[in-house]
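The structure under discussion appears below in the form of structure tokens.
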Amino acid sequence: MPPAIQVDDVTKRFGSFTAVDRVDLTVEQGEVFGFLGHNGAGKSTMINMLLDFIRPSAGTIEVFGNNCQANGVEARERMGVLPEGYGMYDGLTGRQHVQYAMESKGVDGDPLDMLDRVGITDAADRAADGYSKGMAQRLVFAMALLGEPDLLILDEPTSGLDPAGARAMRETIITENERGATVFFSSHILEQIEAVADRVGIMHHGQLVAVDTIDGLRDMAGGETKLLITVDNFTDADVDGIAAIEGVEQAEIGDDGRLSVTCSKETKMDVLLALNRRDIDVLDLQTTEPSLEDLFVEYTRRS
């Protein structure tokens with residue numbers, strides 16, 4: 001079974017500027033893959049090459065074994081796409097947009113069913129070029145879902161959506177993935193990716209600087225752990241003693257009276273043992289791992 005997406009040594013240059021630099025990436029069938037990067041990192045260029053809107057300067061891209069440049073029609077037949085900044089057709093209603101997309105894909109059914117799925121049936125017969133950005137995003141998402149595509153490519157899918165709309169889109173992504181679809185989506189809203197992605201790729205200055213699960217990224221980054229400890233008694237000397245432990249970056253008393261310790265994951269037990277040696281009882285312990293945002297900052301800083 002070929003991967004859903006196979007990118008081999010792909011580079012894209014625009015004149016003297018290199019937008020994508022020697023990227024290798026495999027996305028397996030059935031994955032939800034989140035694609036991260038600052039504006040200008042190369043995310044949209046990579047997606048445009050997947051869709052054959054632009055051609056690589058070097059390397060190859062395949063979707064389900066079909067070369068996106070040599071066999072672009074076959075590759076796109078299995079895709080549903082929500083591009084960033086999609087423009088509405090002047091004068092066509094939301095219903096007519098979906099009907100047109102259904103006819104183009106050879107899909108039968110009632111357009112209202114798809115509009116209902118994304119929550120805009122009330123606007124079905126309004127001209128779509130008058131939709132808000134969030135409503136237009138929902139409409140294009142409905143069009144992307146037509147025909148139960150094997151691969152959903154979503155470029156900033158929650159852009160313009162309110163919190164309820166973003167949550168509904170995440171739920172739909174999960175539902176599509178449970179149906180069997182592979183989902184490849186980019187977003188600058190890290191919480192959106194963290195909520196649904198099986199794996200994450202981080203683009204920075206055109207290069208793919210990390211690919212892994214979020215837990216795997218934490219392990220590779222050696223991300224710091226934050227401990228919030230409620231203790232029965234302690235002194236400034238105790239705090240200084242904890243701060244002096246190798247692997248502890250910071251130890252202080254928070255406004256809530258708890259001992260806050262920032263340390264490497266491996267140092268957590270050393271902190272607890274040190275408290276025990278000082279006859280300080282731990283009444284409560286909370287541990288916070290690095291967020292995806294913390295990891296993103298760490299990997300882009302390194303590269």
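Here, A, B, ... name the chains of the structure tokens in the order displayed, residue numbers run from 1 inside each chain, and ligands are numbered from 1 in the same displayed order.
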
Give me the residues within 10 Å of A:Ala197 as a PyMOL selection string, counting only C-alpha atoms and dropping any in the same chain fewer than 6 places off. chain A and resi 31-35+173-174+183-185+213-214

Would you list the contacts of A:Gln192 as number ranges by chain, taking every protein, DNA or RNA residue within 12 Å and counting only C-alpha atoms, but skipping same-chain residues closer than 6 positions in sequence? A: 32-36, 156-159, 161, 163, 165-171, 173-174, 185-186, 200, 292-293

For A:Val20: contacts at 9 Å, only C-alpha atoms, fewer than 3 positions along chain excluded, given as a PyMOL selection string: chain A and resi 10-13+23+41-43+45-46+56+205-208

Using the selection just defined, write its residues with C-alpha atoms as a CSV table (one decimal), in the first residue's frame.
```csv
chain,number,residue,atom,x,y,z
A,10,VAL,CA,11.9,18.3,-3.3
A,11,THR,CA,13.2,21.8,-3.9
A,12,LYS,CA,11.4,24.8,-5.3
A,13,ARG,CA,13.2,28.0,-6.4
A,23,VAL,CA,12.4,18.2,1.7
A,41,ALA,CA,8.3,29.0,5.8
A,42,GLY,CA,7.3,27.1,2.6
A,43,LYS,CA,4.0,25.5,3.7
A,45,THR,CA,4.5,26.3,-1.6
A,46,MET,CA,4.6,22.7,-0.6
A,56,PRO,CA,9.1,21.5,-8.2
A,205,HIS,CA,13.0,28.8,6.1
A,206,GLY,CA,12.0,26.2,3.5
A,207,GLN,CA,13.4,23.2,5.3
A,208,LEU,CA,11.5,20.5,7.2
```

A:Asp281 surroundings by only C-alpha atoms, 12 Å radius, close-in-sequence under 4 positions cut, as a VMD selection string: chain A and resid 229 to 234 272 to 277 285

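Excluding A:Gly160 and any residue on its chain fewer than 4 positions from it, the residues at most 9 Å away by only C-alpha atoms are Ser132, Lys133, Gly134, Met135, Ala136, Gln137 and Ala166 of chain A.
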
Can you check which residues of stretch 116-256 of chain A DSSP gives as strand (DSSP E or B) on the backbone and send them as a ChimeraX atom specification? /A:127,151-155,182-186,199-204,207-212,224-231,248-253

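For stretch 120-122 of chain A, the non-local neighbours within 10 Å, defined as residues at least 4 positions apart in the same chain or in other chains and counting only C-alpha atoms, are Gly94, Arg95, Pro111, Leu112, Asp113, Met114, Leu115, Asp116, Arg126, Met135, Ala136, Arg138, Leu139 and Ala142 of chain A.
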
Which residue gives the smallest distance to A:Asp198 among A:Gly147, A:Val7, A:Ser16, A:Gly30, with only C-alpha atoms counted?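 Nearest candidate to A:Asp198 out of A:Gly147, A:Val7, A:Ser16, A:Gly30: A:Gly30.
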
Nearest residue to A:Gln286 out of A:Cys263, A:Ile253, A:Ile245, A:Leu228, using only C-alpha atoms?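 Using only C-alpha atoms, the shortest distance to A:Gln286 belongs to A:Leu228.
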
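Across the structure, atom CA of A:Lys265 and atom CA of A:Leu25 are spaced 29.0 Å apart.
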
A:Asp215 proximity check over A:Glu178, A:Met203, A:Asp52, A:Glu194, using only C-alpha atoms: winner is A:Glu194

Could you tell me how far atom CA of A:Gly40 sits from atom CA of A:Leu152, in Å to one decimal place? 22.4 Å
